[in-house]
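Data first, discussion second: the structure below is written as structure tokens.
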Amino acid sequence: MTVLSEAGSALSHGGSRAIRRSPYPGWFFLPAALIYGVLFLAPTFASLYFSLTRWTLFNSTFIGLDNFAQFFREPFLVQGPVNTVLYAAVTSGLKVVLGMLLALLLTSAIMGRGYLRSVVFFPVLVSTVGVGITFTVLMHPTRGMINDTPALFGIKGPGWLVDPRLALFSVALVDVWKGVGPATVIYIAGIVAIPKDYYEAARIDGATKWQNFLYVTLPLSRPATATVIILSFIGGLRTFDLIWAMTRGGPGFASDTIASVIYKQYRAGFYGLSTAGNVVLFVLIGIWSCR
Amino acid sequence: MKSRPSIFLGIIAIPVSALVFLVPFAFIILTAFKNKQQATLLDFSWPDGFHLWNNIVEVVTTRNWMLLTAFINSTILTVASVTLPVIFAAMVGFVLARRKTRWNGLIEFLILAGLMIPPAVVPTIWLLQGIGLFGKLHGPVLIEVAYGLPFSIILYRAFIATIPRELDEAAIIDGARPFDVFFRIILPLLWPVTVTNIVVQSVGVFNDFTNPLYYLPGNANATVQLTLYNFQSQFNTSYNLLFTNILLITIPPLLVFLFFNRHIVAGMTAGAVKG
């Protein structure tokens, strides 16, 4: 076989006819590269220029960094980046903790394991907007189910989505509710892959269950933790549909994220400003993934 | 470590999970059965009567059968934008897994970038207008293809790397052309990962709200996710119709979940180990 592949590479270094016969032709990249390049890469590069302009889609005037200055000067715009990072941090933190706990529970011998696994994973498949609307109703301050239950005991529940200090976190909680399934699945895969020898050695050393977790499971599921953090943090930074379905950035601008600001500015016709928001998000994700 | 299933934990976990995860769905279903007056109360109660059928008829016929149009649009969008990348991504994954060149690093970087970077919305709209695809179904199809390619390529590359190279070489010795090696030898072997890919992507596209919102304006082009705004207004929301609508558009992904649960989970973990 080596002889063949050497012969193959010798041939492909030969004339043009031989290159055409390479079993792994370069033109296989073409259809994907064309679609991806035109519809994803080109707009991404174009955004770098258009974010520096006042833009009507038909003509653009170069105005330097004015859009970015405006983005970080206007109080209702600067709320966006702050909320975005906060939202991503809260959701990914909760998904790590809850995903880990659920995975521990679901890899242990527990009654109804199959049912539990399905039920935790199930919300992933429901439309985000549907989930958002449902929870908006459930979180209704006076009539919603979530506040009705404590009301029976005379406790007044918080105004989940109408309290400006709480709105963003209420949406984040729903995000965790919907997204804890994939985190759990990733953790389950990570925990199942830990060789049993470690636990056996720990047992011989007389480790308690807690020590088992602290010194074996936790350090050895670090790759899973890294994956969950990366996926959910980036997902959190980009979130738009859930926030739009639940609060539309409100009350006021209390739960605006960059993605909702982009949409609002686009609807208002400030295309340059909207694109600048895109570039801010782009830079934020770039910084975060290069760290 | 091996012991009998813990009944104690199960007795706690099963009701708690039902409360947290199933009650919201029960609420959707119950509200879809109610009439307008009872639904407005927003409480978790048994419906006064069976109003589901009336609600369905009203939801489907609203705004000139908009939901029906939306289902057709969503189906076209989903089917078209999931089939194309199957072949295109498999081709890229194949060459990427087999041929080591100095371009591989760049290509892998671009794939990761596609997974992480949020698309630049307004420039994309500008581009679609430029090539005359804005507000038509073709544009979003190509866009969903472009956004879905990175994930599919990663899935395929990882799978093709496990197929022995000797297979290609045997085929070449037997006189297969490069084209045949891929389409007649490799592609049929990719069936399991293709199912995963189709299931994960189609649920994603069907449930996609953001891209149709930007790239498919107008009622004639609405997709199912956008119909949810028909019954929501600031002062007079018809909750029974709203939740009937949610119920109806949840059914297709639900069926997919029932039949392809395993593939979805496989896709989630495969997409995760991309590092």
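Chain labels follow the order of the structure tokens: the first chain is A, the next B, and so on; residue numbering restarts at 1 in every chain, and ligands are counted from 1 in their shown order.
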All residues 12 Å or closer to Asn212 in chain A, only C-alpha atoms, same chain fewer than 2 positions away omitted, as a list in words:
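What passes the distance filter is Leu104, Lys196, Tyr198, Tyr199, Glu200, Ala201, Ala202, Arg203, Ile204, Asp205, Gly206, Ala207, Thr208, Lys209, Trp210, Leu214, Tyr215, Val216, Thr217, Leu218, Pro219 and Leu220 of chain A; Met1 of chain B.
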Could you give me, as a PyMOL selection string, each residue of range 24-112 of chain A that DSSP assigns to strand (DSSP E) when run on this structure's backbone?
chain A and resi 53-55+60-62
Looking at only C-alpha atoms, which of B:Phe259, B:Trp53, B:Phe243, B:Phe71 is the one that sits closest to chain A?
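Under the stated criterion, the closest residue is B:Phe243.
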May I ask which of the residues A:Ile110, A:Val228, A:Ala245, A:Leu101 is the closest one to chain B, counting only C-alpha atoms?
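When distances to chain B are compared using only C-alpha atoms, the smallest one comes from A:Ile110.
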Among the residues of range 5-172 of chain A, find those DSSP assigns to helix (DSSP H, G or I) from the backbone and print them as a PyMOL selection string.
chain A and resi 5-12+16-20+26-50+66-73+75-107+113-125+128-138+145-152+167-172
Output C-alpha atoms for every residue in that selection, as a CSV table (one decimal), in the first residue's frame.
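What follows is the written file again-v4.csv:
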chain,number,residue,atom,x,y,z
A,5,SER,CA,0.6,5.9,-2.3
A,6,GLU,CA,4.2,6.8,-3.1
A,7,ALA,CA,3.5,6.1,-6.7
A,8,GLY,CA,0.3,8.2,-6.4
A,9,SER,CA,2.2,11.2,-5.0
A,10,ALA,CA,5.0,10.8,-7.6
A,11,LEU,CA,2.4,10.8,-10.3
A,12,SER,CA,0.6,13.9,-8.9
A,16,SER,CA,-1.3,17.9,-15.3
A,17,ARG,CA,-3.0,14.7,-16.4
A,18,ALA,CA,-1.7,13.0,-13.3
A,19,ILE,CA,-2.9,15.8,-11.0
A,20,ARG,CA,-6.4,15.3,-12.4
A,26,GLY,CA,-9.2,19.9,-4.8
A,27,TRP,CA,-12.3,20.9,-6.6
A,28,PHE,CA,-14.3,19.0,-4.0
A,29,PHE,CA,-13.9,22.1,-1.9
A,30,LEU,CA,-15.5,24.4,-4.5
A,31,PRO,CA,-19.3,24.2,-4.0
A,32,ALA,CA,-19.0,24.6,-0.2
A,33,ALA,CA,-16.3,27.2,-0.5
A,34,LEU,CA,-18.4,29.2,-3.0
A,35,ILE,CA,-21.5,29.3,-0.8
A,36,TYR,CA,-19.6,29.9,2.4
A,37,GLY,CA,-17.4,32.5,0.9
A,38,VAL,CA,-20.1,34.5,-0.8
A,39,LEU,CA,-22.8,34.3,1.9
A,40,PHE,CA,-20.7,34.2,5.1
A,41,LEU,CA,-17.1,35.4,4.6
A,42,ALA,CA,-17.9,38.3,2.2
A,43,PRO,CA,-20.5,39.9,4.4
A,44,THR,CA,-18.3,39.5,7.4
A,45,PHE,CA,-15.4,41.3,5.7
A,46,ALA,CA,-17.8,43.9,4.3
A,47,SER,CA,-19.1,44.5,7.8
A,48,LEU,CA,-15.7,45.8,8.8
A,49,TYR,CA,-16.0,48.6,6.3
A,50,PHE,CA,-19.7,49.4,6.6
A,66,ASP,CA,-18.3,57.5,15.0
A,67,ASN,CA,-20.6,54.5,15.1
A,68,PHE,CA,-18.4,52.8,17.7
A,69,ALA,CA,-18.1,56.0,19.7
A,70,GLN,CA,-21.9,56.2,19.7
A,71,PHE,CA,-22.2,52.6,20.6
A,72,PHE,CA,-20.2,53.1,23.8
A,73,ARG,CA,-21.5,56.6,24.6
A,75,PRO,CA,-26.4,54.8,27.8
A,76,PHE,CA,-29.1,52.7,26.2
A,77,LEU,CA,-26.6,51.2,23.7
A,78,VAL,CA,-23.8,50.6,26.2
A,79,GLN,CA,-26.2,48.5,28.2
A,80,GLY,CA,-26.0,46.0,25.4
A,81,PRO,CA,-22.4,44.8,25.6
A,82,VAL,CA,-22.6,44.7,29.4
A,83,ASN,CA,-25.7,42.6,29.4
A,84,THR,CA,-24.4,40.3,26.8
A,85,VAL,CA,-21.3,39.4,28.8
A,86,LEU,CA,-23.4,39.1,32.0
A,87,TYR,CA,-25.9,36.9,30.2
A,88,ALA,CA,-23.2,34.6,28.7
A,89,ALA,CA,-21.5,34.3,32.1
A,90,VAL,CA,-24.6,33.5,34.0
A,91,THR,CA,-26.0,31.0,31.5
A,92,SER,CA,-22.7,29.2,31.0
A,93,GLY,CA,-21.9,29.1,34.7
A,94,LEU,CA,-25.3,27.6,35.5
A,95,LYS,CA,-25.1,25.1,32.6
A,96,VAL,CA,-21.7,23.9,33.9
A,97,VAL,CA,-22.9,23.4,37.4
A,98,LEU,CA,-26.3,22.0,36.6
A,99,GLY,CA,-25.1,19.9,33.7
A,100,MET,CA,-22.4,18.3,35.9
A,101,LEU,CA,-24.9,17.5,38.7
A,102,LEU,CA,-27.5,16.1,36.3
A,103,ALA,CA,-24.8,14.1,34.5
A,104,LEU,CA,-23.6,12.6,37.8
A,105,LEU,CA,-27.2,11.8,38.7
A,106,LEU,CA,-27.9,10.3,35.3
A,107,THR,CA,-24.7,8.1,35.2
A,113,ARG,CA,-32.8,6.8,34.1
A,114,GLY,CA,-34.0,6.6,30.5
A,115,TYR,CA,-37.0,8.8,31.3
A,116,LEU,CA,-34.9,11.3,33.1
A,117,ARG,CA,-32.4,11.5,30.3
A,118,SER,CA,-35.1,12.1,27.7
A,119,VAL,CA,-36.9,14.7,29.8
A,120,VAL,CA,-33.8,16.8,30.4
A,121,PHE,CA,-32.9,16.7,26.8
A,122,PHE,CA,-36.3,17.3,25.4
A,123,PRO,CA,-36.6,21.2,25.6
A,124,VAL,CA,-33.7,21.5,23.1
A,125,LEU,CA,-36.1,20.5,20.3
A,128,THR,CA,-37.0,28.9,21.2
A,129,VAL,CA,-39.7,31.4,20.5
A,130,GLY,CA,-42.4,29.0,21.7
A,131,VAL,CA,-40.5,28.4,24.9
A,132,GLY,CA,-40.0,32.1,25.3
A,133,ILE,CA,-43.7,32.9,25.0
A,134,THR,CA,-44.6,30.1,27.3
A,135,PHE,CA,-42.3,31.3,30.0
A,136,THR,CA,-43.4,34.9,29.6
A,137,VAL,CA,-46.9,33.7,30.4
A,138,LEU,CA,-45.7,31.5,33.3
A,145,MET,CA,-48.1,30.1,37.5
A,146,ILE,CA,-44.7,30.6,38.9
A,147,ASN,CA,-45.9,33.3,41.2
A,148,ASP,CA,-49.3,31.7,41.9
A,149,THR,CA,-47.7,28.9,43.9
A,150,PRO,CA,-45.9,31.0,46.6
A,151,ALA,CA,-49.0,33.3,46.6
A,152,LEU,CA,-50.9,30.4,48.1
A,167,ALA,CA,-35.5,40.7,33.6
A,168,LEU,CA,-32.1,39.7,32.1
A,169,PHE,CA,-31.6,37.0,34.7
A,170,SER,CA,-35.1,35.6,34.3
A,171,VAL,CA,-34.4,35.2,30.6
A,172,ALA,CA,-31.1,33.6,31.5
Pick from B:Ile160, B:Val224, B:Val205, B:Ile143, whichever lies nearest to chain A using only C-alpha atoms:
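Counting only C-alpha atoms, the residue closest to chain A is B:Ile143.
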Please, which residues in range 124-233 of chain B fall within 10 Å of range 51-62 of chain A when counting only C-alpha atoms, and what is the closest atom pair and distance in Å to one decimal for each, ordered by chain then residue number, as a tab-separated table?
residue	atom	partner	partner_atom	distance
B:Ile125	CA	A:Leu57	CA	8.8
B:Trp126	CA	A:Leu57	CA	6.1
B:Leu127	CA	A:Leu57	CA	9.6
B:Gln129	CA	A:Leu57	CA	9.2
B:Gly130	CA	A:Leu57	CA	9.9
Can you spit out the residues from that selection as a tab-separated table (two decimals), in the first residue's frame, using all heavy atoms?
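Writing the result to part.tsv gives the following:
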chain	number	residue	atom	x	y	z
B	125	ILE	N	-27.88	41.19	4.03
B	125	ILE	CA	-29.10	41.66	3.37
B	125	ILE	C	-28.74	42.48	2.13
B	125	ILE	O	-29.31	42.29	1.05
B	125	ILE	CB	-29.94	42.50	4.34
B	125	ILE	CG1	-30.50	41.59	5.43
B	125	ILE	CG2	-31.07	43.22	3.61
B	125	ILE	CD1	-31.21	42.31	6.53
B	126	TRP	N	-27.74	43.34	2.30
B	126	TRP	CA	-27.27	44.18	1.19
B	126	TRP	C	-26.80	43.30	0.03
B	126	TRP	O	-27.13	43.53	-1.13
B	126	TRP	CB	-26.12	45.04	1.73
B	126	TRP	CG	-25.32	45.78	0.72
B	126	TRP	CD1	-25.73	46.87	0.02
B	126	TRP	CD2	-23.98	45.52	0.34
B	126	TRP	NE1	-24.71	47.30	-0.79
B	126	TRP	CE2	-23.63	46.49	-0.61
B	126	TRP	CE3	-23.04	44.55	0.71
B	126	TRP	CZ2	-22.37	46.53	-1.20
B	126	TRP	CZ3	-21.79	44.58	0.12
B	126	TRP	CH2	-21.48	45.57	-0.83
B	127	LEU	N	-26.07	42.23	0.39
B	127	LEU	CA	-25.57	41.32	-0.64
B	127	LEU	C	-26.71	40.58	-1.33
B	127	LEU	O	-26.75	40.47	-2.56
B	127	LEU	CB	-24.63	40.31	0.02
B	127	LEU	CG	-23.92	39.38	-0.93
B	127	LEU	CD1	-22.51	39.89	-1.15
B	127	LEU	CD2	-23.87	37.98	-0.39
B	129	GLN	N	-29.74	41.59	-1.66
B	129	GLN	CA	-30.42	42.52	-2.56
B	129	GLN	C	-29.64	42.68	-3.84
B	129	GLN	O	-30.20	42.76	-4.93
B	129	GLN	CB	-30.61	43.87	-1.86
B	129	GLN	CG	-31.77	43.85	-0.90
B	129	GLN	CD	-32.02	45.20	-0.26
B	129	GLN	OE1	-31.14	46.06	-0.28
B	129	GLN	NE2	-33.18	45.37	0.32
B	130	GLY	N	-28.31	42.74	-3.69
B	130	GLY	CA	-27.44	42.90	-4.85
B	130	GLY	C	-27.59	41.78	-5.85
B	130	GLY	O	-27.60	42.00	-7.06
Could you check the closest approach to chain A for each of B:Gly135, B:Pro85, B:Pro178, B:Pro217 and tell me which residue wins, using only C-alpha atoms?
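Among the listed residues, the smallest separation from chain A belongs to B:Pro178.
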Residues within 10 Å of Tyr239 in chain B, only C-alpha atoms, excluding chain neighbours under 3 positions, as a PyMOL selection string
(chain A and resi 134+137) or (chain B and resi 28+31-32+34-42+231-232+236+242-245)
Just to be explicit: take each residue in the selection above, keep N, CA and C atoms, and write the result as a short mmCIF file (atom, residue, chain, number, x, y, z; two decimals), in the first residue's frame.
data_model
loop_
_atom_site.label_atom_id
_atom_site.label_comp_id
_atom_site.auth_asym_id
_atom_site.auth_seq_id
_atom_site.Cartn_x
_atom_site.Cartn_y
_atom_site.Cartn_z
N THR A 134 -44.07 30.83 26.20
CA THR A 134 -44.65 30.06 27.30
C THR A 134 -44.15 30.58 28.65
N VAL A 137 -45.55 33.86 29.81
CA VAL A 137 -46.86 33.70 30.44
C VAL A 137 -46.70 33.12 31.85
N ILE B 28 -48.88 24.28 27.93
CA ILE B 28 -49.14 24.57 26.51
C ILE B 28 -50.36 23.78 26.03
N THR B 31 -53.72 24.86 27.70
CA THR B 31 -54.21 26.15 27.20
C THR B 31 -54.74 26.02 25.78
N ALA B 32 -54.14 25.13 24.99
CA ALA B 32 -54.60 24.95 23.62
C ALA B 32 -56.01 24.36 23.58
N LYS B 34 -58.42 25.25 25.71
CA LYS B 34 -59.38 26.13 26.36
C LYS B 34 -60.02 27.10 25.37
N ASN B 35 -61.10 27.76 25.83
CA ASN B 35 -61.63 28.85 25.03
C ASN B 35 -60.97 30.15 25.48
N LYS B 36 -61.28 31.21 24.76
CA LYS B 36 -60.54 32.45 25.00
C LYS B 36 -60.67 32.96 26.43
N GLN B 37 -61.89 32.93 26.97
CA GLN B 37 -62.12 33.47 28.31
C GLN B 37 -61.27 32.73 29.34
N GLN B 38 -61.32 31.39 29.27
CA GLN B 38 -60.60 30.64 30.28
C GLN B 38 -59.09 30.77 30.10
N ALA B 39 -58.63 30.83 28.83
CA ALA B 39 -57.20 30.91 28.57
C ALA B 39 -56.61 32.21 29.10
N THR B 40 -57.41 33.26 29.11
CA THR B 40 -56.91 34.56 29.56
C THR B 40 -56.50 34.53 31.03
N LEU B 41 -57.08 33.60 31.79
CA LEU B 41 -56.74 33.53 33.22
C LEU B 41 -55.30 33.07 33.43
N LEU B 42 -54.72 32.41 32.41
CA LEU B 42 -53.33 31.94 32.45
C LEU B 42 -53.07 30.96 33.58
N PHE B 231 -50.89 36.15 16.99
CA PHE B 231 -51.90 36.17 18.05
C PHE B 231 -51.43 36.93 19.27
N GLN B 232 -50.34 37.66 19.10
CA GLN B 232 -49.79 38.38 20.22
C GLN B 232 -49.90 39.86 19.93
N ASN B 236 -54.49 42.67 23.55
CA ASN B 236 -55.51 41.65 23.42
C ASN B 236 -54.92 40.37 22.83
N LEU B 242 -52.73 31.38 20.58
CA LEU B 242 -51.27 31.44 20.62
C LEU B 242 -50.69 30.08 21.00
N PHE B 243 -51.27 29.46 22.04
CA PHE B 243 -50.70 28.18 22.49
C PHE B 243 -51.08 27.04 21.56
N THR B 244 -52.22 27.15 20.87
CA THR B 244 -52.53 26.15 19.84
C THR B 244 -51.47 26.23 18.74
N ASN B 245 -51.10 27.45 18.39
CA ASN B 245 -50.08 27.64 17.37
C ASN B 245 -48.74 27.04 17.83
#
Please, what distance in Å, to one decimal, runs between CA of Thr239 in chain A and CA of Thr227 in chain A?
18.0 Å
Can you pull out every residue within 9 Å of range 262-265 of chain A, counting only C-alpha atoms, but drop anything in the same chain fewer than 3 positions away, and send it as a list in words?
Phe240, Thr257, Ile258, Ala259, Ala268, Gly269, Phe270, Tyr271, Gly272, Leu273, Ser274, Thr275, Ala276, Gly277 and Asn278 of chain A; Val121 and Tyr214 of chain B
Generate a file of the selected residues that holds N, CA and C atoms, formatted as a PDB file, in the first residue's frame.
ATOM      1  N   PHE A 240     -30.314  35.835  20.653  1.00  0.00           N
ATOM      2  CA  PHE A 240     -31.247  36.864  20.220  1.00  0.00           C
ATOM      3  C   PHE A 240     -32.701  36.420  20.403  1.00  0.00           C
ATOM      4  N   THR A 257     -29.391  42.998  24.684  1.00  0.00           N
ATOM      5  CA  THR A 257     -28.050  42.472  24.449  1.00  0.00           C
ATOM      6  C   THR A 257     -27.579  43.013  23.100  1.00  0.00           C
ATOM      7  N   ILE A 258     -26.329  42.736  22.756  1.00  0.00           N
ATOM      8  CA  ILE A 258     -25.826  43.264  21.489  1.00  0.00           C
ATOM      9  C   ILE A 258     -26.710  42.805  20.341  1.00  0.00           C
ATOM     10  N   ALA A 259     -27.101  41.516  20.373  1.00  0.00           N
ATOM     11  CA  ALA A 259     -27.892  40.992  19.262  1.00  0.00           C
ATOM     12  C   ALA A 259     -29.234  41.704  19.141  1.00  0.00           C
ATOM     13  N   ALA A 268     -34.671  50.358  12.825  1.00  0.00           N
ATOM     14  CA  ALA A 268     -34.776  51.811  12.829  1.00  0.00           C
ATOM     15  C   ALA A 268     -34.094  52.424  11.608  1.00  0.00           C
ATOM     16  N   GLY A 269     -33.402  51.599  10.822  1.00  0.00           N
ATOM     17  CA  GLY A 269     -32.764  52.101   9.614  1.00  0.00           C
ATOM     18  C   GLY A 269     -31.350  52.597   9.804  1.00  0.00           C
ATOM     19  N   PHE A 270     -30.793  52.419  11.027  1.00  0.00           N
ATOM     20  CA  PHE A 270     -29.395  52.822  11.252  1.00  0.00           C
ATOM     21  C   PHE A 270     -28.482  51.650  10.894  1.00  0.00           C
ATOM     22  N   TYR A 271     -28.295  51.450   9.584  1.00  0.00           N
ATOM     23  CA  TYR A 271     -27.598  50.243   9.147  1.00  0.00           C
ATOM     24  C   TYR A 271     -26.136  50.244   9.562  1.00  0.00           C
ATOM     25  N   GLY A 272     -25.507  51.417   9.495  1.00  0.00           N
ATOM     26  CA  GLY A 272     -24.103  51.493   9.896  1.00  0.00           C
ATOM     27  C   GLY A 272     -23.934  51.157  11.368  1.00  0.00           C
ATOM     28  N   LEU A 273     -24.801  51.728  12.193  1.00  0.00           N
ATOM     29  CA  LEU A 273     -24.740  51.490  13.639  1.00  0.00           C
ATOM     30  C   LEU A 273     -25.010  50.018  13.955  1.00  0.00           C
ATOM     31  N   SER A 274     -25.997  49.458  13.261  1.00  0.00           N
ATOM     32  CA  SER A 274     -26.321  48.049  13.448  1.00  0.00           C
ATOM     33  C   SER A 274     -25.116  47.168  13.119  1.00  0.00           C
ATOM     34  N   THR A 275     -24.441  47.488  11.998  1.00  0.00           N
ATOM     35  CA  THR A 275     -23.277  46.714  11.598  1.00  0.00           C
ATOM     36  C   THR A 275     -22.140  46.893  12.598  1.00  0.00           C
ATOM     37  N   ALA A 276     -22.027  48.102  13.160  1.00  0.00           N
ATOM     38  CA  ALA A 276     -21.005  48.314  14.180  1.00  0.00           C
ATOM     39  C   ALA A 276     -21.255  47.404  15.375  1.00  0.00           C
ATOM     40  N   GLY A 277     -22.542  47.241  15.734  1.00  0.00           N
ATOM     41  CA  GLY A 277     -22.876  46.316  16.812  1.00  0.00           C
ATOM     42  C   GLY A 277     -22.413  44.913  16.482  1.00  0.00           C
ATOM     43  N   ASN A 278     -22.603  44.529  15.213  1.00  0.00           N
ATOM     44  CA  ASN A 278     -22.133  43.231  14.764  1.00  0.00           C
ATOM     45  C   ASN A 278     -20.640  43.073  14.955  1.00  0.00           C
TER      46      ASN A 278
ATOM     47  N   VAL B 121     -25.344  40.746   9.729  1.00  0.00           N
ATOM     48  CA  VAL B 121     -26.699  40.697   9.194  1.00  0.00           C
ATOM     49  C   VAL B 121     -26.931  41.687   8.056  1.00  0.00           C
ATOM     50  N   TYR B 214     -34.803  38.149   9.587  1.00  0.00           N
ATOM     51  CA  TYR B 214     -33.993  39.125   8.861  1.00  0.00           C
ATOM     52  C   TYR B 214     -34.135  38.992   7.347  1.00  0.00           C
TER      53      TYR B 214
END
In terms of the shortest atom-to-atom distance over only C-alpha atoms, which of A:Leu161, A:Ala189, A:Ile287, A:Val280 is closest to chain B?
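Closest to chain B of all the choices is A:Ala189.
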Kindly give the distance, in Å, that separates CA of Ser255 in chain A and CA of Asp241 in chain A, rounded to a single decimal.
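For CA of Ser255 in chain A relative to CA of Asp241 in chain A, the distance reads 12.8 Å.
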